[in-house]
$ cat run.tsv   # TSV, C-alpha atoms and all ligand atoms
chain	number	residue	atom	x	y	z
A	1	MET	CA	48.51	122.81	118.50
A	2	THR	CA	51.10	125.30	117.30
A	3	ALA	CA	54.59	124.28	116.24
A	4	SER	CA	56.23	127.66	116.75
A	5	THR	CA	55.57	131.37	116.86
A	6	THR	CA	56.99	134.11	114.70
A	7	ALA	CA	56.86	137.67	115.99
A	8	GLY	CA	54.13	136.64	118.38
A	9	VAL	CA	51.90	135.22	115.62
A	10	ALA	CA	50.93	131.61	116.17
A	11	ARG	CA	51.98	129.50	113.22
A	12	GLU	CA	51.30	125.84	112.65
A	13	PHE	CA	53.62	125.06	109.75
A	14	SER	CA	56.26	126.77	107.69
A	15	GLU	CA	55.09	129.16	105.01
A	16	ARG	CA	57.14	127.12	102.57
A	17	ILE	CA	55.23	123.89	103.07
A	18	GLY	CA	52.02	125.74	102.26
A	19	ARG	CA	53.35	126.16	98.72
A	20	PHE	CA	53.08	122.40	98.19
A	21	GLU	CA	49.82	120.68	97.36
A	22	VAL	CA	49.27	116.96	97.79
A	23	SER	CA	49.88	115.45	94.37
A	24	ALA	CA	46.55	115.13	92.54
A	25	THR	CA	47.48	111.65	91.44
A	26	ALA	CA	47.85	110.66	95.09
A	27	VAL	CA	44.35	112.03	95.77
A	28	VAL	CA	42.83	109.85	93.04
A	29	VAL	CA	44.76	106.81	94.25
A	30	ALA	CA	43.36	107.38	97.76
A	31	GLU	CA	39.76	107.71	96.52
A	32	ALA	CA	40.13	104.55	94.44
A	33	ALA	CA	41.73	102.70	97.37
A	34	LYS	CA	38.62	103.39	99.47
A	35	LEU	CA	36.38	101.82	96.83
A	36	LYS	CA	38.74	98.86	96.44
A	37	ALA	CA	38.72	98.33	100.20
A	38	ALA	CA	34.92	98.24	100.01
A	39	GLY	CA	35.24	95.35	97.54
A	40	VAL	CA	34.56	97.25	94.29
A	41	ALA	CA	36.46	95.83	91.28
A	42	LEU	CA	37.94	98.84	89.50
A	43	SER	CA	39.42	99.31	86.05
A	44	ASP	CA	42.49	101.14	87.20
A	45	PHE	CA	44.15	103.56	84.79
A	46	GLY	CA	45.23	105.89	87.60
A	47	ALA	CA	48.79	105.48	88.77
A	48	GLY	CA	51.54	105.61	86.14
A	49	GLU	CA	53.26	102.41	87.04
A	50	PRO	CA	54.39	99.45	84.93
A	51	HIS	CA	52.34	96.33	85.53
A	52	PHE	CA	55.36	94.18	84.73
A	53	PRO	CA	57.42	92.74	87.56
A	54	THR	CA	61.01	93.93	87.78
A	55	PRO	CA	63.04	91.73	85.37
A	56	ARG	CA	64.59	88.62	86.92
A	57	HIS	CA	68.26	89.55	86.42
A	58	ILE	CA	67.75	92.87	88.22
A	59	LYS	CA	66.06	91.20	91.19
A	60	ASP	CA	68.82	88.58	91.28
A	61	ALA	CA	71.48	91.27	91.39
A	62	ALA	CA	69.78	92.88	94.40
A	63	ILE	CA	69.36	89.56	96.20
A	64	ALA	CA	73.01	88.67	95.62
A	65	ALA	CA	74.05	92.12	96.84
A	66	ILE	CA	72.09	91.70	100.07
A	67	GLU	CA	73.57	88.23	100.59
A	68	GLN	CA	77.03	89.72	100.10
A	69	ASN	CA	76.25	92.39	102.70
A	70	PHE	CA	76.12	95.38	100.39
A	71	THR	CA	73.84	96.88	102.99
A	72	ARG	CA	75.82	99.85	104.29
A	73	TYR	CA	76.08	103.55	103.50
A	74	THR	CA	77.85	104.32	100.24
A	75	ALA	CA	79.61	107.38	98.83
A	76	THR	CA	77.05	110.18	98.57
A	77	PRO	CA	76.79	110.39	94.76
A	78	GLY	CA	76.63	106.60	94.50
A	79	ILE	CA	79.18	103.85	94.05
A	80	THR	CA	81.62	104.23	91.18
A	81	GLU	CA	80.10	101.22	89.39
A	82	VAL	CA	76.63	102.75	89.27
A	83	ARG	CA	77.87	106.13	88.14
A	84	ARG	CA	79.90	104.43	85.42
A	85	ALA	CA	76.85	102.42	84.37
A	86	ILE	CA	74.72	105.60	84.15
A	87	VAL	CA	77.32	107.47	82.11
A	88	GLU	CA	78.01	104.54	79.77
A	89	ARG	CA	74.34	103.72	79.18
A	90	HIS	CA	73.58	107.34	78.31
A	91	ALA	CA	76.63	107.65	76.08
A	92	ALA	CA	75.83	104.41	74.24
A	93	ASP	CA	72.16	105.27	73.70
A	94	PHE	CA	72.33	109.00	73.10
A	95	GLY	CA	75.92	109.90	72.27
A	96	SER	CA	76.38	112.05	75.37
A	97	ASP	CA	79.76	112.65	76.94
A	98	TYR	CA	79.69	112.77	80.74
A	99	SER	CA	82.44	111.85	83.20
A	100	LEU	CA	81.87	110.05	86.51
A	101	ASP	CA	81.88	113.26	88.54
A	102	GLU	CA	79.12	114.56	86.30
A	103	ALA	CA	76.77	111.79	87.48
A	104	ILE	CA	74.82	111.22	90.68
A	105	PHE	CA	72.58	108.30	91.67
A	106	THR	CA	69.55	109.38	93.70
A	107	THR	CA	66.76	107.77	95.67
A	108	SER	CA	64.25	108.21	92.78
A	109	GLY	CA	63.98	110.31	89.69
A	110	LYS	CA	61.67	112.59	91.61
A	111	LEU	CA	64.38	113.37	94.12
A	112	ALA	CA	66.87	114.06	91.32
A	113	ILE	CA	64.40	116.64	89.97
A	114	PHE	CA	63.93	118.12	93.43
A	115	TYR	CA	67.68	118.35	93.99
A	116	ALA	CA	68.25	119.98	90.60
A	117	ILE	CA	65.50	122.54	91.18
A	118	SER	CA	66.78	123.19	94.72
A	119	ALA	CA	70.33	123.63	93.50
A	120	LEU	CA	69.50	126.02	90.66
A	121	ILE	CA	66.29	127.88	91.40
A	122	ASP	CA	65.96	130.77	93.82
A	123	HIS	CA	63.30	133.09	95.19
A	124	GLY	CA	61.97	135.34	92.44
A	125	ASP	CA	63.21	133.19	89.57
A	126	GLU	CA	60.94	132.20	86.73
A	127	VAL	CA	60.84	128.68	85.36
A	128	ILE	CA	59.15	127.92	82.05
A	129	VAL	CA	56.95	124.84	82.26
A	130	PRO	CA	55.10	123.62	79.14
A	131	VAL	CA	51.45	122.65	79.61
A	132	PRO	CA	50.30	119.94	80.10
A	133	TYR	CA	52.96	119.32	82.72
A	134	TRP	CA	53.84	116.54	85.12
A	135	VAL	CA	52.23	117.28	88.47
A	136	SER	CA	55.33	117.88	90.58
A	137	TYR	CA	57.17	120.58	88.60
A	138	LYS	CA	54.81	123.36	89.59
A	139	ASP	CA	54.89	122.55	93.27
A	140	MET	CA	58.64	122.08	93.41
A	141	VAL	CA	59.24	125.40	91.66
A	142	GLN	CA	56.81	127.16	94.00
A	143	TYR	CA	58.45	125.51	96.99
A	144	MET	CA	61.68	127.30	96.05
A	145	GLY	CA	59.80	130.62	96.08
A	146	ALA	CA	60.05	130.79	92.31
A	147	ARG	CA	57.29	131.26	89.75
A	148	PRO	CA	56.30	128.67	87.18
A	149	VAL	CA	55.58	130.38	83.86
A	150	PHE	CA	53.31	128.15	81.83
A	151	LEU	CA	53.82	127.67	78.12
A	152	GLU	CA	50.44	126.91	76.60
A	153	THR	CA	50.63	124.42	73.75
A	154	SER	CA	48.10	123.48	71.13
A	155	GLU	CA	46.44	120.11	71.22
A	156	ALA	CA	45.74	120.41	67.47
A	157	ASP	CA	49.51	120.65	67.02
A	158	ASN	CA	50.17	117.62	69.24
A	159	PHE	CA	51.19	119.80	72.21
A	160	ARG	CA	54.27	120.90	70.24
A	161	ILE	CA	56.95	122.88	72.10
A	162	THR	CA	59.07	125.23	70.02
A	163	ALA	CA	62.06	127.45	70.78
A	164	GLU	CA	60.13	130.42	69.36
A	165	ALA	CA	57.20	129.91	71.73
A	166	ILE	CA	59.58	129.58	74.68
A	167	GLU	CA	61.52	132.69	73.68
A	168	LEU	CA	58.35	134.77	73.91
A	169	LEU	CA	58.15	133.91	77.62
A	170	ILE	CA	61.75	134.68	78.50
A	171	THR	CA	62.31	137.63	80.83
A	172	PRO	CA	65.38	138.75	82.78
A	173	SER	CA	64.11	136.51	85.62
A	174	THR	CA	63.95	133.33	83.55
A	175	ARG	CA	66.29	130.83	85.10
A	176	ALA	CA	65.26	127.48	83.65
A	177	ILE	CA	62.99	125.54	81.32
A	178	ILE	CA	61.67	122.11	82.25
A	179	LEU	CA	61.14	119.70	79.36
A	180	ASN	CA	59.60	116.26	79.61
A	181	SER	CA	59.68	114.25	76.42
A	182	PRO	CA	57.94	111.84	76.06
A	183	SER	CA	55.44	113.69	78.17
A	184	ASN	CA	53.48	112.59	81.16
A	185	PRO	CA	50.49	113.12	80.70
A	186	SER	CA	50.11	113.64	76.93
A	187	GLY	CA	52.62	111.12	75.58
A	188	ALA	CA	53.80	113.82	73.15
A	189	VAL	CA	57.39	113.48	71.98
A	190	MET	CA	59.35	116.59	71.10
A	191	ASP	CA	60.52	116.84	67.54
A	192	THR	CA	64.30	116.34	67.52
A	193	ALA	CA	64.83	119.63	65.67
A	194	ASP	CA	62.66	121.49	68.21
A	195	LEU	CA	64.54	119.91	71.11
A	196	GLU	CA	67.89	120.87	69.65
A	197	ARG	CA	66.75	124.44	68.99
A	198	VAL	CA	65.41	124.84	72.54
A	199	VAL	CA	68.61	123.50	74.10
A	200	ARG	CA	70.88	125.67	71.93
A	201	MET	CA	68.74	128.79	72.38
A	202	ALA	CA	68.70	128.30	76.17
A	203	HIS	CA	72.45	127.79	76.24
A	204	GLU	CA	73.04	130.98	74.26
A	205	ARG	CA	70.82	132.89	76.67
A	206	GLY	CA	72.34	131.35	79.80
A	207	ILE	CA	69.15	129.53	80.83
A	208	TYR	CA	69.19	126.01	82.24
A	209	VAL	CA	67.25	123.22	80.58
A	210	LEU	CA	66.10	120.52	82.95
A	211	LEU	CA	65.42	117.46	80.82
A	212	ASP	CA	63.15	115.01	82.56
A	213	GLU	CA	63.97	111.80	80.68
A	214	CYS	CA	61.80	109.52	82.81
A	215	TYR	CA	60.19	108.02	79.66
A	216	ALA	CA	63.14	108.45	77.29
A	217	TYR	CA	63.15	104.77	76.36
A	218	LEU	CA	59.41	104.55	75.86
A	219	THR	CA	59.13	106.09	72.42
A	220	TYR	CA	57.18	104.45	69.63
A	221	LYS	CA	58.48	106.44	66.71
A	222	GLY	CA	62.12	106.70	65.74
A	223	SER	CA	65.01	106.29	68.16
A	224	PRO	CA	65.05	107.90	71.60
A	225	VAL	CA	66.82	111.25	71.69
A	226	SER	CA	68.41	113.19	74.56
A	227	GLY	CA	69.11	116.89	74.74
A	228	GLY	CA	72.15	115.79	76.76
A	229	SER	CA	73.81	114.80	73.51
A	230	TYR	CA	74.28	118.43	72.37
A	231	THR	CA	77.64	118.57	74.07
A	232	GLU	CA	78.41	122.20	73.17
A	233	ALA	CA	75.36	123.25	75.18
A	234	LYS	CA	76.14	120.90	78.07
A	235	GLU	CA	76.95	123.72	80.48
A	236	HIS	CA	73.24	124.53	80.77
A	237	VAL	CA	71.74	121.05	80.51
A	238	VAL	CA	70.68	118.84	83.39
A	239	VAL	CA	69.58	115.33	82.43
A	240	LEU	CA	67.21	113.79	84.97
A	241	GLY	CA	66.65	110.06	84.71
A	242	SER	CA	64.69	107.33	86.41
A	243	LEU	CA	64.85	103.56	86.37
A	244	SER	CA	61.22	103.34	87.50
A	245	LYS	CA	59.45	103.02	84.18
A	246	THR	CA	62.28	101.85	81.92
A	247	TYR	CA	62.99	98.76	84.04
A	248	ALA	CA	59.69	98.40	85.96
A	249	MET	CA	61.41	99.47	89.18
A	250	THR	CA	59.02	102.04	90.66
A	251	GLY	CA	59.28	100.75	94.22
A	252	TRP	CA	63.06	100.59	94.22
A	253	ARG	CA	63.33	104.37	94.13
A	254	ALA	CA	66.20	104.67	91.69
A	255	GLY	CA	67.02	107.77	89.69
A	256	PHE	CA	69.97	109.82	88.54
A	257	ALA	CA	71.20	113.07	87.10
A	258	LEU	CA	73.87	113.98	84.59
A	259	ALA	CA	75.08	117.57	84.57
A	260	PRO	CA	78.21	119.72	84.77
A	261	LYS	CA	80.36	118.90	87.78
A	262	PRO	CA	79.48	122.00	89.87
A	263	ILE	CA	75.75	121.25	89.54
A	264	ILE	CA	76.25	117.61	90.47
A	265	ALA	CA	78.39	118.72	93.42
A	266	ALA	CA	75.60	121.05	94.59
A	267	MET	CA	73.03	118.25	94.25
A	268	GLY	CA	75.43	115.96	96.12
A	269	LYS	CA	75.57	118.48	98.97
A	270	LEU	CA	71.81	118.19	99.30
A	271	GLN	CA	71.95	114.41	99.14
A	272	SER	CA	74.68	114.37	101.81
A	273	GLN	CA	72.41	116.30	104.19
A	274	THR	CA	69.25	114.35	103.44
A	275	THR	CA	69.37	110.69	102.39
A	276	SER	CA	73.22	110.38	102.54
A	277	SER	CA	72.98	107.90	99.66
A	278	SER	CA	70.58	105.39	98.14
A	279	ALA	CA	70.46	101.82	99.38
A	280	HIS	CA	73.64	100.00	98.41
A	281	PHE	CA	71.86	96.92	97.02
A	282	VAL	CA	69.55	99.12	94.94
A	283	GLN	CA	72.63	100.67	93.39
A	284	LYS	CA	73.93	97.16	92.63
A	285	ALA	CA	70.59	96.28	91.04
A	286	ALA	CA	70.76	99.49	89.02
A	287	VAL	CA	74.16	98.46	87.69
A	288	ALA	CA	72.60	95.22	86.44
A	289	ALA	CA	69.66	97.10	84.92
A	290	LEU	CA	71.82	99.64	83.11
A	291	SER	CA	74.73	97.42	82.06
A	292	GLU	CA	73.21	94.09	81.14
A	293	SER	CA	70.98	93.20	78.18
A	294	GLN	CA	68.35	95.83	77.30
A	295	GLN	CA	66.08	93.19	75.79
A	296	CYS	CA	63.60	93.56	78.67
A	297	VAL	CA	63.17	97.25	77.82
A	298	ALA	CA	62.41	96.42	74.18
A	299	GLU	CA	59.93	93.72	75.20
A	300	MET	CA	58.04	95.97	77.59
A	301	ARG	CA	57.98	98.77	75.03
A	302	ALA	CA	56.49	96.42	72.41
A	303	ASP	CA	53.70	95.50	74.81
A	304	TYR	CA	53.03	99.14	75.74
A	305	LEU	CA	52.63	99.91	72.05
A	306	LYS	CA	49.95	97.22	71.70
A	307	LEU	CA	48.24	98.49	74.84
A	308	ARG	CA	48.32	102.05	73.52
A	309	ASP	CA	46.62	100.98	70.31
A	310	GLU	CA	43.98	99.05	72.23
A	311	ALA	CA	43.31	102.06	74.46
A	312	LEU	CA	43.08	104.38	71.45
A	313	ALA	CA	40.74	101.97	69.64
A	314	GLY	CA	38.51	101.82	72.74
A	315	LEU	CA	38.40	105.61	73.07
A	316	SER	CA	37.60	106.03	69.38
A	317	GLU	CA	34.36	104.14	69.98
A	318	ILE	CA	33.13	106.76	72.45
A	319	PRO	CA	31.29	109.51	70.57
A	320	GLU	CA	32.68	113.03	70.93
A	321	ILE	CA	35.85	112.03	72.76
A	322	THR	CA	38.98	112.92	70.80
A	323	CYS	CA	42.53	111.92	71.55
A	324	THR	CA	45.98	112.79	70.22
A	325	VAL	CA	48.09	109.77	69.33
A	326	PRO	CA	50.77	109.52	72.01
A	327	GLU	CA	54.20	108.77	70.57
A	328	GLY	CA	55.73	107.78	73.88
A	329	ALA	CA	55.30	107.11	77.62
A	330	PHE	CA	52.28	104.99	78.60
A	331	TYR	CA	49.41	107.44	78.85
A	332	VAL	CA	46.50	108.52	76.69
A	333	TYR	CA	45.11	112.00	77.28
A	334	PRO	CA	41.63	112.10	75.78
A	335	ASN	CA	39.77	115.38	75.40
A	336	VAL	CA	36.39	115.08	77.14
A	337	LYS	CA	35.22	118.67	76.58
A	338	ALA	CA	31.97	117.49	74.95
A	339	TYR	CA	30.94	115.91	78.25
A	340	LEU	CA	31.76	118.82	80.54
A	341	GLY	CA	29.46	121.55	81.79
A	342	ARG	CA	26.68	119.10	82.69
A	343	PRO	CA	25.17	118.86	86.16
A	344	GLY	CA	27.57	116.80	88.27
A	345	ALA	CA	30.23	116.94	85.57
A	346	GLN	CA	31.05	120.62	85.32
A	347	THR	CA	34.79	120.02	85.32
A	348	SER	CA	37.07	117.14	84.39
A	349	MET	CA	37.71	116.72	88.13
A	350	GLU	CA	33.98	116.09	88.68
A	351	LEU	CA	33.80	113.91	85.60
A	352	ALA	CA	36.72	111.75	86.81
A	353	SER	CA	35.05	111.42	90.18
A	354	ARG	CA	31.76	110.27	88.60
A	355	LEU	CA	33.58	107.93	86.25
A	356	LEU	CA	35.17	106.40	89.32
A	357	GLN	CA	32.06	106.23	91.50
A	358	GLU	CA	29.56	105.23	88.81
A	359	GLY	CA	31.67	103.62	86.09
A	360	HIS	CA	34.32	102.13	88.38
A	361	VAL	CA	37.12	103.40	86.15
A	362	VAL	CA	40.11	105.20	87.70
A	363	THR	CA	41.52	108.14	85.72
A	364	VAL	CA	43.31	111.35	86.66
A	365	PRO	CA	41.60	114.66	85.78
A	366	GLY	CA	43.47	117.05	83.51
A	367	GLU	CA	43.46	119.78	86.19
A	368	ALA	CA	46.38	117.93	87.79
A	369	PHE	CA	48.41	118.62	84.66
A	370	GLY	CA	47.26	122.18	83.99
A	371	THR	CA	44.50	121.55	81.42
A	372	HIS	CA	40.75	121.53	81.91
A	373	GLU	CA	39.30	119.30	79.23
A	374	HIS	CA	41.15	116.03	79.67
A	375	LEU	CA	41.44	112.82	81.59
A	376	ARG	CA	44.71	110.93	81.85
A	377	LEU	CA	44.65	107.17	81.57
A	378	SER	CA	47.71	105.04	82.18
A	379	TYR	CA	47.61	101.95	79.97
A	380	ALA	CA	50.53	100.30	81.76
A	381	THR	CA	48.21	97.51	82.75
A	382	SER	CA	46.95	94.21	81.40
A	383	HIS	CA	45.24	93.83	78.02
A	384	GLU	CA	42.17	92.52	79.85
A	385	MET	CA	42.07	95.61	82.06
A	386	VAL	CA	42.21	97.88	79.00
A	387	ALA	CA	39.40	95.94	77.27
A	388	GLU	CA	37.20	95.92	80.36
A	389	GLY	CA	37.92	99.54	81.26
A	390	MET	CA	37.16	100.76	77.74
A	391	ALA	CA	33.84	98.86	77.76
A	392	ARG	CA	32.98	100.47	81.09
A	393	MET	CA	33.87	103.92	79.79
A	394	LYS	CA	31.75	103.41	76.69
A	395	ALA	CA	28.78	102.47	78.88
A	396	PHE	CA	29.38	105.33	81.32
A	397	PHE	CA	29.56	107.98	78.59
A	398	ALA	CA	26.53	106.53	76.78
A	399	ASP	CA	24.62	106.85	80.03
A	400	LEU	CA	25.84	110.41	80.49
A	401	ARG	CA	24.67	111.34	76.97
A	402	ASN	CA	21.28	109.81	77.62
A	403	LYS	CA	20.87	111.78	80.82
A	404	ALA	CA	21.64	115.07	79.06
B	1	LIG	N1	59.11	112.43	85.82
B	1	LIG	C1	57.94	112.06	85.32
B	1	LIG	C2	57.41	112.75	84.13
B	1	LIG	C3	57.20	111.04	85.93
B	1	LIG	O1	56.03	110.65	85.41
B	1	LIG	C4	57.73	110.43	87.09
B	1	LIG	C5	56.97	109.40	87.81
B	1	LIG	O2	55.78	109.24	87.65
B	1	LIG	C6	58.98	110.84	87.56
B	1	LIG	C7	59.63	111.86	86.90
B	1	LIG	C8	59.62	110.27	88.79
B	1	LIG	O3	59.86	108.92	88.75
B	1	LIG	P1	60.50	108.20	90.00
B	1	LIG	O4	60.50	109.12	91.15
B	1	LIG	O5	59.67	106.99	90.24
B	1	LIG	O6	61.91	107.84	89.60

$ encode --input "run.tsv" --output "structure tokens" --more "lines below"
Ligand code: PLP
Amino acid sequence: MTASTTAGVAREFSERIGRFEVSATAVVVAEAAKLKAAGVALSDFGAGEPHFPTPRHIKDAAIAAIEQNFTRYTATPGITEVRRAIVERHAADFGSDYSLDEAIFTTSGKLAIFYAISALIDHGDEVIVPVPYWVSYKDMVQYMGARPVFLETSEADNFRITAEAIELLITPSTRAIILNSPSNPSGAVMDTADLERVVRMAHERGIYVLLDECYAYLTYKGSPVSGGSYTEAKEHVVVLGSLSKTYAMTGWRAGFALAPKPIIAAMGKLQSQTTSSSAHFVQKAAVAALSESQQCVAEMRADYLKLRDEALAGLSEIPEITCTVPEGAFYVYPNVKAYLGRPGAQTSMELASRLLQEGHVVTVPGEAFGTHEHLRLSYATSHEMVAEGMARMKAFFADLRNKA
């Protein structure tokens, strides 16, 4: 069936939608779901999602809000209370200086990123994206008709991103740089000095820096840092936040952006023509999350750190697998190069598929993140799951070595 015709040529979908691929993480989740439905017990390190329930006080705030009928449309950028909570939380934690009209609450961090890219990036623009990258940046940039320019990083140097390396990629078409620290998938955290240099260099050159701070509070070394705190460079900085991981609120779809007023206004225009606003009671819950005690964040982080060390210890027992030590987020990104190039495991995609089918362990292949020698494992799961999954991986890789 054809949806429309252009100049007499039958066309099923827009050319634009063809620039999107289904997220590779979603593909793995679907394959794993099939096995689960068939009754297979999986060690699931696939989806990046906290295993903790949303903290009690946040749930209570949402329940109270529903009871009090906060169930209607709100102002497009979010209620004043939630924008104040966003601005104050960020200022208290990072020393940033945003006003209420420089903040917008969005239906997910992902949508905040999409709005920012839509508002700033045009056909023919170039956007610098460090590798490994979070799956959606590439597709969103391509969707705008722009070109992602990949910054290769060195695993031996902990996937370090420097201003000098970025500068080498800048052309007259460079419009933005997307940074994600701590990184999904590698867990790498940008050095504060590197972050500051990138932000200042970009500002001087009139290039936007989109700072994806989804995991900003999940750092295991030093205090969290935000490029949004370099107030002199603020004109070119867009902070993109999410409550999903920080407060175990993935299903609430709660995110935000902080940026100069004209950028927030442009993002608000998009929100006004799409979702209108986020759910009122979710905004109320977000106020509780952002304004009340942050003890829950510290507790979850402490457990993630233990889980990380257990995952790293498990991986270290598998011969020929190496892994950088992630300093943030909740992923390990082991290098499985030694196991590739074998029949049935030519690529990390094939290896992940075999690990799932034969070892019953869910991982995401590095191809989803722009590298070819890795698997991503999310350790935001129980200690038992990590122990069991690591034992299964050890057995699977031993078997693979024996077959070689
Ligand atoms: N950015 C990164 C790096 C992520 O890993 C995610 C979610 O996995 C997001 C942004 C979006 O989070 P959400 O849409 O749940 O707020």

$ residues_near_ligand --input "run.tsv" --ligand "ligand LIG 1 (chain B)" --cutoff "7 Å" --atoms "all atoms listed in the file" --output "JSON, numbers by chain"
{"A": [48, 108, 109, 110, 111, 134, 180, 183, 184, 212, 214, 242, 243, 244, 250, 253, 254, 255]}

$ closest_atom_pairs --input "run.tsv" --of "stretch 16-110 of chain A" --to "stretch 347-371 of chain A" --cutoff "6 Å" --atoms "all atoms listed in the file" --output "CSV"
residue,atom,partner,partner_atom,distance
A:Ala24,CA,A:Ala368,CA,5.5
A:Leu42,CA,A:His360,CA,5.0
A:Ser43,CA,A:Val361,CA,4.7
A:Asp44,CA,A:Val362,CA,4.7
A:Phe45,CA,A:Val362,CA,5.2
A:Gly46,CA,A:Thr363,CA,4.7

$ atom_distance --input "run.tsv" --atom1 "atom CA of A:Val82" --atom2 "atom CA of A:Lys284"
7.1 Å

$ atom_distance --input "run.tsv" --atom1 "atom CA of A:Tyr133" --atom2 "atom CA of A:Tyr304"
21.4 Å

$ atom_distance --input "run.tsv" --atom1 "atom CA of A:Thr153" --atom2 "atom CA of A:Gly314"
25.7 Å

$ closest_residue --input "run.tsv" --among "A:Gly78, A:Pro130, A:Gly389, A:Gly18" --to "A:Gly145" --atoms "all atoms listed in the file"
A:Gly18
